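Chemist: Next comes the structure file query.cif, holding mmCIF, C-alpha atoms.
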```cif
data_my_file
loop_
_atom_site.group_PDB
_atom_site.id
_atom_site.type_symbol
_atom_site.label_atom_id
_atom_site.label_comp_id
_atom_site.auth_asym_id
_atom_site.auth_seq_id
_atom_site.Cartn_x
_atom_site.Cartn_y
_atom_site.Cartn_z
ATOM 1 C CA GLY A 1 -26.662 -9.590 -3.649
ATOM 2 C CA GLU A 2 -28.922 -8.377 -0.918
ATOM 3 C CA ALA A 3 -31.107 -5.336 -1.502
ATOM 4 C CA ASP A 4 -28.930 -3.176 0.771
ATOM 5 C CA GLN A 5 -25.574 -4.483 -0.445
ATOM 6 C CA ALA A 6 -23.178 -2.524 -2.646
ATOM 7 C CA LEU A 7 -19.845 -3.405 -4.191
ATOM 8 C CA VAL A 8 -16.759 -1.202 -4.297
ATOM 9 C CA GLN A 9 -13.969 -2.304 -6.625
ATOM 10 C CA LEU A 10 -10.665 -0.647 -7.450
ATOM 11 C CA VAL A 11 -8.546 -1.855 -10.374
ATOM 12 C CA TRP A 12 -4.975 -0.785 -11.199
ATOM 13 C CA PRO A 13 -2.905 -1.692 -14.254
ATOM 14 C CA THR A 14 0.177 -3.798 -13.461
ATOM 15 C CA THR A 15 2.334 -5.994 -15.684
ATOM 16 C CA ASP A 16 2.557 -9.361 -17.395
ATOM 17 C CA ASP A 17 3.891 -12.581 -15.900
ATOM 18 C CA SER A 18 7.318 -12.596 -17.590
ATOM 19 C CA ASP A 19 9.200 -11.779 -14.340
ATOM 20 C CA LEU A 20 8.526 -14.459 -11.719
ATOM 21 C CA GLY A 21 9.761 -12.282 -8.859
ATOM 22 C CA GLU A 22 7.394 -9.470 -9.813
ATOM 23 C CA VAL A 23 4.470 -11.877 -10.241
ATOM 24 C CA LEU A 24 5.072 -13.300 -6.768
ATOM 25 C CA ARG A 25 5.530 -9.843 -5.211
ATOM 26 C CA LEU A 26 2.151 -8.819 -6.610
ATOM 27 C CA GLU A 27 0.564 -12.066 -5.414
ATOM 28 C CA VAL A 28 1.891 -11.637 -1.882
ATOM 29 C CA LEU A 29 0.932 -7.938 -2.003
ATOM 30 C CA GLY A 30 -2.605 -9.039 -2.867
ATOM 31 C CA ARG A 31 -2.707 -11.221 0.208
ATOM 32 C CA VAL A 32 -1.275 -8.417 2.362
ATOM 33 C CA VAL A 33 -3.919 -6.003 1.075
ATOM 34 C CA GLN A 34 -6.668 -8.546 1.719
ATOM 35 C CA LEU A 35 -5.487 -9.101 5.310
ATOM 36 C CA ARG A 36 -5.215 -5.375 5.921
ATOM 37 C CA LEU A 37 -8.663 -4.766 4.418
ATOM 38 C CA GLN A 38 -10.217 -7.332 6.723
ATOM 39 C CA GLU A 39 -8.590 -5.705 9.741
ATOM 40 C CA VAL A 40 -9.356 -2.118 8.748
ATOM 41 C CA LEU A 41 -12.964 -2.669 7.709
ATOM 42 C CA ARG A 42 -13.699 -4.579 10.892
ATOM 43 C CA GLU A 43 -11.946 -2.025 13.107
ATOM 44 C CA GLU A 44 -13.074 1.170 11.413
ATOM 45 C CA LEU A 45 -16.554 0.111 10.304
ATOM 46 C CA GLY A 46 -17.295 -2.615 12.824
ATOM 47 C CA GLN A 47 -18.351 -4.969 10.051
ATOM 48 C CA ALA A 48 -17.114 -8.427 9.076
ATOM 49 C CA TYR A 49 -16.878 -8.086 5.333
ATOM 50 C CA SER A 50 -15.125 -10.520 3.030
ATOM 51 C CA PRO A 51 -12.900 -8.282 0.933
ATOM 52 C CA SER A 52 -10.681 -9.651 -1.793
ATOM 53 C CA ALA A 53 -7.507 -8.448 -3.462
ATOM 54 C CA ASP A 54 -6.037 -10.161 -6.467
ATOM 55 C CA SER A 55 -3.217 -9.772 -8.960
ATOM 56 C CA SER A 56 -3.818 -11.031 -12.502
ATOM 57 C CA PRO A 57 -0.723 -10.743 -14.679
ATOM 58 C CA SER A 58 -1.307 -11.652 -18.311
ATOM 59 C CA ARG A 59 0.451 -14.656 -19.836
ATOM 60 C CA VAL A 60 -0.584 -13.482 -23.314
ATOM 61 C CA TRP A 61 -0.406 -9.696 -23.470
ATOM 62 C CA ARG A 62 3.066 -8.301 -22.765
ATOM 63 C CA GLY A 63 3.124 -5.502 -20.238
ATOM 64 C CA TYR A 64 -0.511 -6.072 -19.219
ATOM 65 C CA GLY A 65 -1.994 -7.175 -15.931
ATOM 66 C CA THR A 66 -4.348 -5.925 -13.252
ATOM 67 C CA PHE A 67 -4.526 -5.690 -9.477
ATOM 68 C CA SER A 68 -8.044 -5.519 -8.116
ATOM 69 C CA LEU A 69 -9.516 -4.929 -4.705
ATOM 70 C CA THR A 70 -13.193 -5.713 -4.078
ATOM 71 C CA VAL A 71 -15.349 -5.095 -1.023
ATOM 72 C CA ALA A 72 -19.038 -5.836 -0.526
ATOM 73 C CA VAL A 73 -20.531 -3.284 1.865
ATOM 74 C CA ASP A 74 -23.847 -2.090 3.168
ATOM 75 C CA ARG A 75 -25.149 0.660 0.868
ATOM 76 C CA ALA A 76 -25.072 3.135 3.739
ATOM 77 C CA GLN A 77 -21.360 2.463 4.355
ATOM 78 C CA ILE A 78 -19.953 3.099 0.860
ATOM 79 C CA ASP A 79 -18.268 6.397 1.743
ATOM 80 C CA ALA A 80 -16.872 5.015 5.008
ATOM 81 C CA ALA A 81 -15.554 1.934 3.187
ATOM 82 C CA ARG A 82 -13.912 4.083 0.521
ATOM 83 C CA ALA A 83 -12.243 6.193 3.199
ATOM 84 C CA ALA A 84 -11.064 3.100 5.098
ATOM 85 C CA ILE A 85 -9.626 1.582 1.909
ATOM 86 C CA ALA A 86 -7.856 4.817 0.955
ATOM 87 C CA GLY A 87 -6.410 5.200 4.455
ATOM 88 C CA MET A 88 -5.163 1.613 4.522
ATOM 89 C CA LEU A 89 -3.490 2.007 1.121
ATOM 90 C CA ASP A 90 -1.934 5.343 2.143
ATOM 91 C CA ARG A 91 -0.439 3.726 5.252
ATOM 92 C CA LEU A 92 0.838 0.792 3.218
ATOM 93 C CA ARG A 93 2.488 3.071 0.658
ATOM 94 C CA ALA A 94 3.980 5.078 3.546
ATOM 95 C CA GLY A 95 5.757 1.945 4.769
ATOM 96 C CA GLU A 96 3.407 0.693 7.469
ATOM 97 C CA LEU A 97 3.940 -3.038 6.997
ATOM 98 C CA ASP A 98 5.398 -5.447 9.524
ATOM 99 C CA VAL A 99 7.012 -8.864 9.149
ATOM 100 C CA ASP A 100 4.101 -10.587 10.930
ATOM 101 C CA THR A 101 1.609 -9.406 8.299
ATOM 102 C CA VAL A 102 3.967 -10.474 5.500
ATOM 103 C CA ASN A 103 4.350 -13.899 7.117
ATOM 104 C CA ARG A 104 0.575 -14.296 7.446
ATOM 105 C CA ALA A 105 0.207 -13.326 3.775
ATOM 106 C CA ARG A 106 2.881 -15.649 2.411
ATOM 107 C CA GLN A 107 2.194 -18.724 4.575
ATOM 108 C CA PRO A 108 -0.864 -19.965 2.605
ATOM 109 C CA LEU A 109 1.096 -19.572 -0.639
ATOM 110 C CA LEU A 110 4.004 -21.593 0.719
ATOM 111 C CA GLU A 111 1.619 -24.283 1.988
ATOM 112 C CA GLY A 112 0.052 -24.428 -1.476
ATOM 113 C CA TYR A 113 3.450 -25.050 -3.039
ATOM 114 C CA ASP A 114 4.263 -27.669 -0.384
ATOM 115 C CA ASN A 115 0.957 -29.476 -0.895
ATOM 116 C CA LEU A 116 0.665 -29.368 -4.696
ATOM 117 C CA LEU A 117 2.873 -32.376 -5.312
ATOM 118 C CA LYS A 118 1.192 -34.479 -2.633
ATOM 119 C CA SER A 119 -1.533 -35.424 -5.097
ATOM 120 C CA LEU A 120 -1.696 -36.854 -8.573
ATOM 121 C CA GLY A 121 -3.626 -33.778 -9.695
ATOM 122 C CA GLY A 122 -0.769 -31.534 -8.643
ATOM 123 C CA TRP A 123 1.759 -33.608 -10.551
ATOM 124 C CA MET A 124 -0.524 -33.579 -13.577
ATOM 125 C CA THR A 125 -0.723 -29.785 -13.397
ATOM 126 C CA LEU A 126 3.047 -29.597 -13.813
ATOM 127 C CA ALA A 127 3.325 -32.512 -16.253
ATOM 128 C CA GLU A 128 0.722 -31.165 -18.692
ATOM 129 C CA ARG A 129 2.993 -28.193 -19.432
ATOM 130 C CA ALA A 130 6.343 -29.989 -19.237
ATOM 131 C CA GLN A 131 6.912 -30.069 -22.976
ATOM 132 C CA SER A 132 5.175 -26.919 -24.165
ATOM 133 C CA GLU A 133 6.187 -24.655 -21.264
ATOM 134 C CA PRO A 134 9.215 -26.167 -19.496
ATOM 135 C CA ASP A 135 9.961 -22.836 -17.828
ATOM 136 C CA ARG A 136 6.770 -23.238 -15.759
ATOM 137 C CA ILE A 137 8.318 -26.200 -13.949
ATOM 138 C CA GLU A 138 11.434 -24.158 -13.176
ATOM 139 C CA ARG A 139 9.247 -21.309 -11.978
ATOM 140 C CA TYR A 140 7.281 -23.651 -9.722
ATOM 141 C CA PHE A 141 10.413 -24.882 -7.967
ATOM 142 C CA ALA A 142 11.961 -21.385 -7.737
ATOM 143 C CA ALA A 143 8.841 -19.716 -6.298
ATOM 144 C CA PRO A 144 8.985 -20.826 -2.630
ATOM 145 C CA ALA A 145 12.503 -19.425 -2.114
ATOM 146 C CA LEU A 146 11.495 -16.139 -3.732
ATOM 147 C CA ILE A 147 8.385 -15.910 -1.539
ATOM 148 C CA ARG A 148 10.354 -16.688 1.627
ATOM 149 C CA GLY A 149 12.912 -14.016 0.750
ATOM 150 C CA MET A 150 10.429 -11.172 0.316
ATOM 151 C CA THR A 151 10.735 -8.287 2.732
ATOM 152 C CA PRO A 152 8.162 -5.755 3.875
ATOM 153 C CA ALA A 153 10.223 -3.049 2.127
ATOM 154 C CA GLU A 154 9.897 -4.861 -1.247
ATOM 155 C CA LEU A 155 6.138 -5.120 -0.842
ATOM 156 C CA VAL A 156 5.832 -1.466 0.168
ATOM 157 C CA GLU A 157 7.784 -0.528 -2.962
ATOM 158 C CA ALA A 158 5.458 -2.705 -5.073
ATOM 159 C CA ALA A 159 2.444 -0.958 -3.497
ATOM 160 C CA ARG A 160 3.953 2.435 -4.336
ATOM 161 C CA GLN A 161 4.648 1.364 -7.900
ATOM 162 C CA TYR A 162 1.447 -0.469 -8.737
ATOM 163 C CA LEU A 163 -1.174 0.986 -6.387
ATOM 164 C CA PRO A 164 -0.767 4.776 -6.647
ATOM 165 C CA SER A 165 -3.470 6.840 -4.988
ATOM 166 C CA ALA A 166 -4.688 8.300 -8.284
ATOM 167 C CA GLY A 167 -4.111 5.288 -10.523
ATOM 168 C CA ALA A 168 -7.174 3.096 -9.940
ATOM 169 C CA VAL A 169 -10.343 2.726 -11.915
ATOM 170 C CA GLU A 170 -13.182 2.612 -9.409
ATOM 171 C CA LEU A 171 -16.276 0.539 -10.021
ATOM 172 C CA LEU A 172 -19.274 1.012 -7.800
ATOM 173 C CA VAL A 173 -22.259 -1.318 -7.932
ATOM 174 C CA VAL A 174 -25.325 -0.230 -5.980
ATOM 175 C CA PRO A 175 -28.744 -1.813 -5.562
ATOM 176 C CA ASP A 176 -31.373 -0.946 -8.150
ATOM 177 C CA GLY A 177 -33.316 2.170 -7.230
ATOM 178 C CA ASN A 178 -30.490 3.763 -5.192
#
```
Would you write out, as structure tokens, the structure that this file holds?

Modeler:
Amino acid sequence: GEADQALVQLVWPTTDDSDLGEVLRLEVLGRVVQLRLQEVLREELGQAYSPSADSSPSRVWRGYGTFSLTVAVDRAQIDAARAAIAGMLDRLRAGELDVDTVNRARQPLLEGYDNLLKSLGGWMTLAERAQSEPDRIERYFAAPALIRGMTPAELVEAARQYLPSAGAVELLVVPDGN
């Protein structure tokens, strides 16, 4: 990155992908956190960063997955960014989440499901696993209804469970010489 750019990343342990509802809750939670990060960092720091939040449940290792949050910031704003992130997560865990934010988080996911089968590539994605992993096709068709049915309260509970204030590993990348 740039000479004055730093990276703040928080990573929490989560779970595997055996429970479709939990996988989708974590995926929507990731999108909620990303939206909230964009709002908070712009409002509190006056910067237009491109934060990311992502859930990665393992398909191989039972009980293993991660939820990560990454923000690129100006080196001078590391402490302010950390404080803004912590405050946003505290408010989320305290129940500060409205239906509008949940709708904005889930809409791109629902559009992705709607659009996947509009192309040959999308059909091939499902067909390539039809014999070896038939449950993946069932999961694909079940996912939109589960996503539509999610409530802010469910996502707040997921944040409390998987994103505790003291449960993250923090990674900090700073420019050489700082």

Chemist: Could you spell out the hits of the PyMOL selection byres ((chain A and resi 143) around 9) on the shown file, as a compact mmCIF listing (two decimals) with C-alpha atoms, in the coordinates of the input?

Modeler:
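Wrote it out as selection.txt, contents follow:
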```txt
# COMPACT_ATOMS: atom_id res chain seq x y z
CA LEU A 20 8.53 -14.46 -11.72
CA GLY A 21 9.76 -12.28 -8.86
CA LEU A 24 5.07 -13.30 -6.77
CA LEU A 110 4.00 -21.59 0.72
CA TYR A 113 3.45 -25.05 -3.04
CA GLU A 138 11.43 -24.16 -13.18
CA ARG A 139 9.25 -21.31 -11.98
CA TYR A 140 7.28 -23.65 -9.72
CA PHE A 141 10.41 -24.88 -7.97
CA ALA A 142 11.96 -21.38 -7.74
CA PRO A 144 8.98 -20.83 -2.63
CA ALA A 145 12.50 -19.42 -2.11
CA LEU A 146 11.50 -16.14 -3.73
CA ILE A 147 8.38 -15.91 -1.54
CA ARG A 148 10.35 -16.69 1.63
```

Chemist: If the PyMOL selection byres ((chain A and resi 126) around 12) were run on this exact file, what residues would it hold? Put them as a list in words.

Modeler: Tyr113, Leu116, Leu117, Ser119, Leu120, Gly121, Gly122, Trp123, Met124, Thr125, Ala127, Glu128, Arg129, Ala130, Gln131, Ser132, Glu133, Pro134, Asp135, Arg136, Ile137, Glu138, Arg139, Tyr140 and Phe141 of chain A

Chemist: Would you put the residues from that selection into a file with C-alpha atoms, as a PDB file, in the coordinates of the input?

Modeler:
```
ATOM      1  CA  TYR A 113       3.450 -25.050  -3.039  1.00  0.00           C
ATOM      2  CA  LEU A 116       0.665 -29.368  -4.696  1.00  0.00           C
ATOM      3  CA  LEU A 117       2.873 -32.376  -5.312  1.00  0.00           C
ATOM      4  CA  SER A 119      -1.533 -35.424  -5.097  1.00  0.00           C
ATOM      5  CA  LEU A 120      -1.696 -36.854  -8.573  1.00  0.00           C
ATOM      6  CA  GLY A 121      -3.626 -33.778  -9.695  1.00  0.00           C
ATOM      7  CA  GLY A 122      -0.769 -31.534  -8.643  1.00  0.00           C
ATOM      8  CA  TRP A 123       1.759 -33.608 -10.551  1.00  0.00           C
ATOM      9  CA  MET A 124      -0.524 -33.579 -13.577  1.00  0.00           C
ATOM     10  CA  THR A 125      -0.723 -29.785 -13.397  1.00  0.00           C
ATOM     11  CA  ALA A 127       3.325 -32.512 -16.253  1.00  0.00           C
ATOM     12  CA  GLU A 128       0.722 -31.165 -18.692  1.00  0.00           C
ATOM     13  CA  ARG A 129       2.993 -28.193 -19.432  1.00  0.00           C
ATOM     14  CA  ALA A 130       6.343 -29.989 -19.237  1.00  0.00           C
ATOM     15  CA  GLN A 131       6.912 -30.069 -22.976  1.00  0.00           C
ATOM     16  CA  SER A 132       5.175 -26.919 -24.165  1.00  0.00           C
ATOM     17  CA  GLU A 133       6.187 -24.655 -21.264  1.00  0.00           C
ATOM     18  CA  PRO A 134       9.215 -26.167 -19.496  1.00  0.00           C
ATOM     19  CA  ASP A 135       9.961 -22.836 -17.828  1.00  0.00           C
ATOM     20  CA  ARG A 136       6.770 -23.238 -15.759  1.00  0.00           C
ATOM     21  CA  ILE A 137       8.318 -26.200 -13.949  1.00  0.00           C
ATOM     22  CA  GLU A 138      11.434 -24.158 -13.176  1.00  0.00           C
ATOM     23  CA  ARG A 139       9.247 -21.309 -11.978  1.00  0.00           C
ATOM     24  CA  TYR A 140       7.281 -23.651  -9.722  1.00  0.00           C
ATOM     25  CA  PHE A 141      10.413 -24.882  -7.967  1.00  0.00           C
TER      26      PHE A 141
END
```

Chemist: Could you work out how far CA of Glu2 in chain A lies from CA of Arg31 in chain A, giving the answer in Å with one decimal?

Modeler: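 Computed distance, CA of Arg31 in chain A to CA of Glu2 in chain A, equals 26.4 Å.
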
Chemist: Any chance you could work out the residue set of the PyMOL selection byres ((chain A and resi 150) around 12) here, as a count of residues only?

Modeler: 30

Chemist: Can you work out which one of A:Gly87, A:Pro13, A:Pro164, A:Gly95 has the shortest atom-to-atom distance to Ser56 in chain A, counting all atoms listed in the file?

Modeler: A:Pro13

Chemist: Find the residues around Asp74 in chain A up to 6 Å (all atoms listed in the file counted), leave out those fewer than 6 positions away in its own chain, and share them as a PDB file with C-alpha atoms, in the coordinates of the input.

Modeler:
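Below you can see out_5.pdb, which holds the result:
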```pdb
ATOM      1  CA  ASP A   4     -28.930  -3.176   0.771  1.00  0.00           C
ATOM      2  CA  GLN A   5     -25.574  -4.483  -0.445  1.00  0.00           C
ATOM      3  CA  ALA A   6     -23.178  -2.524  -2.646  1.00  0.00           C
TER       4      ALA A   6
END
```

Chemist: Need the shell around Leu69 in chain A: protein/DNA/RNA residues with any atom at most 10 Å away, counting all atoms listed in the file. Skip same-chain ones fewer than 2 positions apart. Format as number ranges by chain?

Modeler: A: 8-12, 30, 33-34, 37, 51-55, 67, 71, 85, 168, 170

Chemist: Between CA of Thr66 in chain A and CA of Leu163 in chain A, what distance in Å does the model show, to one decimal?

Modeler: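 Atom-to-atom, CA of Thr66 in chain A to CA of Leu163 in chain A, that is 10.2 Å.
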
Chemist: Given the choices A:Ala166, A:Arg93, A:Ala76, A:Asp114, which gets closest to Ala3 in chain A if the distance is worked out from all atoms listed in the file?

Modeler: A:Ala76

Chemist: So how far away is CA of Asp90 in chain A from CA of Val32 in chain A, in Å?

Modeler: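 Value for the CA of Val32 in chain A-CA of Asp90 in chain A distance: 13.8 Å.
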
Chemist: Between A:Arg42, A:Arg62, A:Arg91, A:Arg104, which residue has the minimum interatomic distance to Ser18 in chain A, considering all atoms listed in the file?

Modeler: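 Answer, going by the shortest atom-to-atom distance: A:Arg62.
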
Chemist: Determine, counting all atoms listed in the file, which protein, DNA and RNA residues have an atom within 10 Å of an atom of Leu45 in chain A; residues of the same chain fewer than 2 positions away are not included. Present the result as an MDAnalysis selection string.

Modeler: chainID A and resid 39:43 47:49 73 77 80:81 84

Chemist: Pull out range 64-102 of chain A, keep N, CA and C atoms, and write it as a CSV table (one decimal), in the first residue's frame.

Modeler:
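Result file is selection18.csv:
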```csv
chain,number,residue,atom,x,y,z
A,64,TYR,N,-14.8,-25.3,12.8
A,64,TYR,CA,-13.8,-24.3,12.5
A,64,TYR,C,-14.3,-23.3,11.5
A,65,GLY,N,-14.2,-22.1,11.7
A,65,GLY,CA,-14.4,-21.0,10.8
A,65,GLY,C,-13.9,-19.7,11.3
A,66,THR,N,-13.9,-18.7,10.5
A,66,THR,CA,-13.5,-17.4,11.0
A,66,THR,C,-14.4,-16.3,10.5
A,67,PHE,N,-14.4,-15.2,11.2
A,67,PHE,CA,-15.1,-13.9,10.8
A,67,PHE,C,-14.0,-12.9,10.9
A,68,SER,N,-13.8,-12.2,9.8
A,68,SER,CA,-12.7,-11.2,9.8
A,68,SER,C,-13.3,-9.8,9.4
A,69,LEU,N,-12.6,-8.8,9.9
A,69,LEU,CA,-13.0,-7.4,9.6
A,69,LEU,C,-11.7,-6.7,9.3
A,70,THR,N,-11.6,-6.1,8.2
A,70,THR,CA,-10.4,-5.4,7.7
A,70,THR,C,-10.6,-4.0,7.3
A,71,VAL,N,-9.7,-3.1,7.8
A,71,VAL,CA,-9.9,-1.7,7.4
A,71,VAL,C,-8.5,-1.1,7.1
A,72,ALA,N,-8.4,-0.5,5.9
A,72,ALA,CA,-7.1,0.2,5.6
A,72,ALA,C,-7.3,1.6,6.0
A,73,VAL,N,-6.4,2.1,6.8
A,73,VAL,CA,-6.5,3.5,7.3
A,73,VAL,C,-5.2,4.2,7.2
A,74,ASP,N,-5.2,5.5,7.3
A,74,ASP,CA,-4.0,6.4,7.3
A,74,ASP,C,-3.3,6.0,8.6
A,75,ARG,N,-2.0,5.9,8.6
A,75,ARG,CA,-1.2,5.5,9.8
A,75,ARG,C,-1.6,6.4,11.0
A,76,ALA,N,-1.8,7.6,10.8
A,76,ALA,CA,-2.1,8.5,11.9
A,76,ALA,C,-3.5,8.3,12.5
A,77,GLN,N,-4.4,7.5,11.8
A,77,GLN,CA,-5.7,7.3,12.3
A,77,GLN,C,-6.0,5.9,12.9
A,78,ILE,N,-4.9,5.1,13.1
A,78,ILE,CA,-5.1,3.8,13.6
A,78,ILE,C,-5.9,3.7,14.9
A,79,ASP,N,-5.5,4.6,15.9
A,79,ASP,CA,-6.2,4.5,17.2
A,79,ASP,C,-7.7,5.0,17.1
A,80,ALA,N,-7.9,6.0,16.2
A,80,ALA,CA,-9.3,6.5,16.0
A,80,ALA,C,-10.1,5.4,15.3
A,81,ALA,N,-9.5,4.7,14.3
A,81,ALA,CA,-10.2,3.6,13.6
A,81,ALA,C,-10.5,2.5,14.6
A,82,ARG,N,-9.6,2.1,15.4
A,82,ARG,CA,-9.8,1.0,16.4
A,82,ARG,C,-11.0,1.4,17.3
A,83,ALA,N,-11.0,2.6,17.8
A,83,ALA,CA,-12.1,3.1,18.7
A,83,ALA,C,-13.4,3.1,17.9
A,84,ALA,N,-13.4,3.5,16.7
A,84,ALA,CA,-14.7,3.6,15.9
A,84,ALA,C,-15.2,2.1,15.7
A,85,ILE,N,-14.3,1.2,15.4
A,85,ILE,CA,-14.7,-0.2,15.2
A,85,ILE,C,-15.2,-0.8,16.5
A,86,ALA,N,-14.5,-0.6,17.6
A,86,ALA,CA,-15.0,-1.1,18.9
A,86,ALA,C,-16.4,-0.5,19.2
A,87,GLY,N,-16.6,0.8,19.0
A,87,GLY,CA,-17.8,1.4,19.3
A,87,GLY,C,-19.0,0.9,18.5
A,88,MET,N,-18.7,0.7,17.2
A,88,MET,CA,-19.7,0.1,16.3
A,88,MET,C,-20.1,-1.3,16.7
A,89,LEU,N,-19.1,-2.1,17.1
A,89,LEU,CA,-19.4,-3.5,17.5
A,89,LEU,C,-20.1,-3.5,18.8
A,90,ASP,N,-19.8,-2.6,19.7
A,90,ASP,CA,-20.5,-2.5,21.0
A,90,ASP,C,-21.9,-2.2,20.8
A,91,ARG,N,-22.2,-1.2,19.9
A,91,ARG,CA,-23.6,-0.8,19.7
A,91,ARG,C,-24.4,-2.0,19.0
A,92,LEU,N,-23.7,-2.7,18.1
A,92,LEU,CA,-24.3,-3.8,17.4
A,92,LEU,C,-24.7,-4.9,18.4
A,93,ARG,N,-23.7,-5.3,19.3
A,93,ARG,CA,-24.0,-6.3,20.3
A,93,ARG,C,-25.1,-5.8,21.3
A,94,ALA,N,-25.2,-4.5,21.5
A,94,ALA,CA,-26.2,-4.0,22.4
A,94,ALA,C,-27.6,-3.9,21.8
A,95,GLY,N,-27.7,-4.3,20.5
A,95,GLY,CA,-29.0,-4.4,19.9
A,95,GLY,C,-29.3,-3.3,18.9
A,96,GLU,N,-28.4,-2.4,18.6
A,96,GLU,CA,-28.6,-1.3,17.7
A,96,GLU,C,-28.5,-1.8,16.3
A,97,LEU,N,-29.6,-2.3,15.7
A,97,LEU,CA,-29.6,-2.7,14.4
A,97,LEU,C,-31.1,-2.6,13.9
A,98,ASP,N,-31.3,-1.9,12.8
A,98,ASP,CA,-32.6,-1.7,12.3
A,98,ASP,C,-32.9,-2.6,11.0
A,99,VAL,N,-34.1,-2.7,10.7
A,99,VAL,CA,-34.6,-3.5,9.6
A,99,VAL,C,-34.0,-3.0,8.3
A,100,ASP,N,-33.9,-1.6,8.1
A,100,ASP,CA,-33.3,-1.1,6.9
A,100,ASP,C,-31.9,-1.5,6.6
A,101,THR,N,-31.1,-1.5,7.7
A,101,THR,CA,-29.7,-2.0,7.5
A,101,THR,C,-29.7,-3.5,7.1
A,102,VAL,N,-30.5,-4.3,7.8
A,102,VAL,CA,-30.6,-5.7,7.4
A,102,VAL,C,-31.0,-5.9,6.0
```
